[in-house]
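What follows is a set of notes on a single structure, which appears directly below.
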Amino acid sequence: MIRGWRFPLPRGCPFCDTPVRSLPWAPVWKRICPHCCDGFSPIAPPYCRRCGRAGREGICPDCRSHPYPELIQNCSAVSYTPHTREVIRLYKYLGRERFARPMGEMMVSVAACRVRKPDVISYVPLHPSRLVERGFNQSEQLARFIGKKWGVPVVSLLVRSSPTRPQSQRSRAERLQSMEGVFELHPSIPVGKLVAVNILLVDDVYTTGATLGACARVLVQAGCNSVRSLTFAR
Ligand SMILES: [Zn+2]
Ligand SMILES: [Zn+2]
């Protein structure tokens, strides 16, 4: 006798391993357990058209005085809640690199209808000393996942020329000031290569926009047509 098989098979939530009844190819939100789902706050309209912050119609007050005009739009998947902060902490500092996939999927699902498809995807670089310490760049991992999903090339366009203190210890004004001159064009990028190119920068979190704005400035100075950003949290 052939016994019936139970379908779908229970699988682990990609963040906490709690068994979830879903198919491996189900959309990411269906593969996450109810507890993790409740912890994330997906950014849905209304949101700031410029920085993607939830709960704002039009342009939010921070963006009205935007000191980084080179970054024309940011889009983020979820709001920066305590749960989101913990997920990012586990990913970045405790090496849960497997989180890149569900996080990347959440970013792709939100960006599909909100962000113009770029010519090139890049990411916020880590200083070499921090890369050695951490062993991976979370922004690069997310960018590579998204690039693969979209079929868009992922290129390392920037280098971080000086290490910066963790941004979470700084005030908004300090963050903006501290980013001056931190990023440079990657030495492997030939002069003129970025002219008329539309770039999407990937990072894990958009806080004040200082980091992504500083990256965008370098890319615009190198001649690119537009810089937008996509982050997991805002
Ligand atoms: Zn979970
Ligand atoms: Zn805004």
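If you're wondering about the labels, chains in the structure tokens are A, B, ... by order shown, residues count from 1 in each chain, ligands from 1 in order shown.
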
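For ligand 1, the set of protein, DNA and RNA residues within 7 Å, based on only C-alpha atoms and all ligand atoms, reads A:Cys13, A:Pro14, A:Phe15, A:Cys16, A:Asp17, A:Thr18, A:Ile32, A:Cys33, A:Pro34, A:His35, A:Cys36.
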
Within 12 Å of Pro61 in chain A using only C-alpha atoms, minus same-chain residues under 6 positions, as a short mmCIF file (atom, residue, chain, number, x, y, z; two decimals) with C-alpha atoms, in the first residue's frame:
data_model
loop_
_atom_site.label_atom_id
_atom_site.label_comp_id
_atom_site.auth_asym_id
_atom_site.auth_seq_id
_atom_site.Cartn_x
_atom_site.Cartn_y
_atom_site.Cartn_z
CA CYS A 48 8.25 59.15 1.61
CA ARG A 49 8.86 59.20 -2.15
CA ARG A 50 12.47 60.08 -1.58
CA CYS A 51 13.78 58.04 1.38
CA ARG A 53 10.26 56.07 5.24
CA THR A 208 20.02 59.14 7.87
#

Neighbourhood of ligand 2 at 12 Å, counting only C-alpha atoms and all ligand atoms, reported as a PDB file with C-alpha atoms, in the first residue's frame:
ATOM      1  CA  PRO A  46       2.085  55.889   2.302  1.00  0.00           C
ATOM      2  CA  TYR A  47       5.886  56.300   2.393  1.00  0.00           C
ATOM      3  CA  CYS A  48       8.246  59.152   1.610  1.00  0.00           C
ATOM      4  CA  ARG A  49       8.864  59.197  -2.146  1.00  0.00           C
ATOM      5  CA  ARG A  50      12.468  60.084  -1.578  1.00  0.00           C
ATOM      6  CA  CYS A  51      13.782  58.043   1.378  1.00  0.00           C
ATOM      7  CA  GLY A  52      11.125  55.328   1.581  1.00  0.00           C
ATOM      8  CA  ARG A  53      10.261  56.068   5.242  1.00  0.00           C
ATOM      9  CA  ALA A  54       6.897  54.573   6.219  1.00  0.00           C
ATOM     10  CA  GLY A  55       3.928  56.712   7.184  1.00  0.00           C
ATOM     11  CA  ARG A  56       4.804  59.810   5.144  1.00  0.00           C
ATOM     12  CA  GLU A  57       2.892  61.075   2.165  1.00  0.00           C
ATOM     13  CA  GLY A  58       5.003  62.987  -0.356  1.00  0.00           C
ATOM     14  CA  ILE A  59       8.433  64.130   0.888  1.00  0.00           C
ATOM     15  CA  CYS A  60       9.271  63.795   4.615  1.00  0.00           C
ATOM     16  CA  PRO A  61      10.823  66.686   6.664  1.00  0.00           C
ATOM     17  CA  ASP A  62      14.303  65.090   6.679  1.00  0.00           C
ATOM     18  CA  CYS A  63      14.298  64.854   2.888  1.00  0.00           C
ATOM     19  CA  ARG A  64      13.189  68.464   2.400  1.00  0.00           C
ATOM     20  CA  SER A  65      16.607  69.525   3.687  1.00  0.00           C
ATOM     21  CA  HIS A  66      18.397  66.601   2.064  1.00  0.00           C
ATOM     22  CA  PRO A  67      22.110  67.343   2.065  1.00  0.00           C
ATOM     23  CA  TYR A  68      22.787  64.572  -0.484  1.00  0.00           C
ATOM     24  CA  LEU A  71      20.780  60.069  -4.117  1.00  0.00           C
ATOM     25  CA  ILE A  72      17.459  60.525  -5.861  1.00  0.00           C
ATOM     26  CA  GLN A  73      15.473  57.715  -4.266  1.00  0.00           C
ATOM     27  CA  ASN A  74      15.717  55.083  -1.547  1.00  0.00           C
ATOM     28  CA  CYS A  75      13.416  52.099  -1.260  1.00  0.00           C
ATOM     29  CA  SER A  76      13.373  49.783   1.774  1.00  0.00           C
ATOM     30  CA  TYR A 206      19.114  53.378   5.566  1.00  0.00           C
ATOM     31  CA  THR A 207      19.354  55.494   8.723  1.00  0.00           C
ATOM     32  CA  THR A 208      20.018  59.141   7.871  1.00  0.00           C
ATOM     33  CA  GLY A 209      21.029  58.541   4.279  1.00  0.00           C
ATOM     34  CA  ARG A 234      14.578  52.039   6.928  1.00  0.00           C
TER      35      ARG A 234
END

task: Run DSSP on the backbone and grab whatever in range 174-214 of chain A lands in alpha helix (DSSP H); send it over as JSON, numbers by chain.
output: {"A": [174, 175, 176, 177, 178, 210, 211, 212, 213, 214]}

**Asked** What's the 9 Å shell around Ala222 in chain A, counting only C-alpha atoms, without same-chain residues fewer than 2 positions away, as a PyMOL selection string?
**Response** chain A and resi 185+191-195+217-220+224

Open item on the list: List as a list in words the protein and nucleic acid residues near Glu70 in chain A, meaning an atom at most 10 Å away when only C-alpha atoms are counted, but skip any in the same chain fewer than 6 places from it.
Closed with: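 Answer for this query is Leu212, Gly213, Ala214, Cys215, Ala216, Arg217, Val218, Leu219, Val220, Gln221, Asn225, Ser226, Val227 and Arg228 of chain A.
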
Fill in: Counting only C-alpha atoms, the residue of A:Pro82, A:Pro163, A:Pro69, A:Pro153 that sits nearest Ala210 in chain A
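Ranked by minimum distance to Ala210 in chain A, first place goes to A:Pro69.
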
With distances taken over only C-alpha atoms, the candidate from A:Ala77, A:Arg89, A:Tyr123, A:Asn198 nearest Val110 in chain A is A:Ala77

Using only C-alpha atoms, determine which residues lie at most 9 Å from Glu105 in chain A, disregarding the query and same-chain residues fewer than 3 positions distant; provide the list as a PyMOL selection string.
chain A and resi 27-28+100-102+108-110+145-146+149

Would you return as a PDB file with C-alpha atoms, in the first residue's frame the members of range 38-169 of chain A that DSSP assigns to strand (DSSP E) on this structure's backbone?
ATOM      1  CA  LEU A  71      20.780  60.069  -4.117  1.00  0.00           C
ATOM      2  CA  ILE A  72      17.459  60.525  -5.861  1.00  0.00           C
ATOM      3  CA  GLN A  73      15.473  57.715  -4.266  1.00  0.00           C
ATOM      4  CA  ASN A  74      15.717  55.083  -1.547  1.00  0.00           C
ATOM      5  CA  CYS A  75      13.416  52.099  -1.260  1.00  0.00           C
ATOM      6  CA  SER A  76      13.373  49.783   1.774  1.00  0.00           C
ATOM      7  CA  ALA A  77      11.579  46.549   2.544  1.00  0.00           C
ATOM      8  CA  VAL A  78      10.779  46.911   6.251  1.00  0.00           C
ATOM      9  CA  VAL A 120      24.331  48.118 -12.690  1.00  0.00           C
ATOM     10  CA  ILE A 121      23.940  47.145  -9.044  1.00  0.00           C
ATOM     11  CA  SER A 122      26.624  48.030  -6.516  1.00  0.00           C
ATOM     12  CA  TYR A 123      26.874  48.112  -2.731  1.00  0.00           C
ATOM     13  CA  LEU A 158      33.509  52.012  -4.516  1.00  0.00           C
ATOM     14  CA  VAL A 159      36.170  51.635  -1.865  1.00  0.00           C
ATOM     15  CA  ARG A 160      36.029  52.882   1.707  1.00  0.00           C
TER      16      ARG A 160
END

Counting only C-alpha atoms, the residue among A:Glu174, A:Glu184, A:Ala143, A:Val115 that lies closest to Met103 in chain A is A:Ala143

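Neighbouring residues of Gly135 in chain A at 12 Å or closer, counting only C-alpha atoms and skipping chain neighbours under 5 positions away, are Tyr91, Lys92, Tyr93, Leu94, Gly95, Arg96, Glu97, Leu126, His127, Pro128, Ser129, Arg130, Glu140 and Gln141 of chain A.
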
Residue nearest Val87 in chain A - candidates A:Ser171, A:Gly39, A:Gly151, A:Phe136, atoms counted: only C-alpha atoms: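 Of A:Ser171, A:Gly39, A:Gly151, A:Phe136, the one nearest Val87 in chain A, counting only C-alpha atoms, is A:Gly39.
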
In terms of only C-alpha atoms, the residue from A:Leu157, A:Cys37, A:Ile199, A:Thr211 at minimal distance from Gly181 in chain A is A:Thr211

**Request:** May I ask which of the residues A:Pro187, A:Trp25, A:Leu200, A:Ser178 is the closest one to Val154 in chain A, counting only C-alpha atoms?
**Result:**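 Counting only C-alpha atoms, the residue closest to Val154 in chain A is A:Leu200.
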
Practice task
With a distance cut-off of 9 Å and only C-alpha atoms, select the neighbouring residues of Arg85 in chain A, excluding the residue or stretch itself and same-chain residues fewer than 5 positions from it, and output the selection as a list of chain:residue names.
Solution key: A:Tyr80, A:Leu90, A:Ala233

Grab the residues selected above and save them as a PDB file, in the first residue's frame with N, CA and C atoms.
ATOM      1  N   TYR A  80      12.599  49.879  10.580  1.00  0.00           N
ATOM      2  CA  TYR A  80      13.653  49.475  11.516  1.00  0.00           C
ATOM      3  C   TYR A  80      13.058  49.285  12.911  1.00  0.00           C
ATOM      4  N   LEU A  90      22.218  39.705  14.201  1.00  0.00           N
ATOM      5  CA  LEU A  90      22.578  38.287  14.061  1.00  0.00           C
ATOM      6  C   LEU A  90      23.295  38.047  12.732  1.00  0.00           C
ATOM      7  N   ALA A 233      16.210  47.613   5.595  1.00  0.00           N
ATOM      8  CA  ALA A 233      15.423  48.350   6.591  1.00  0.00           C
ATOM      9  C   ALA A 233      15.578  49.851   6.447  1.00  0.00           C
TER      10      ALA A 233
END

A straight line from CA of Phe183 in chain A to CA of Ser162 in chain A spans 7.8 Å
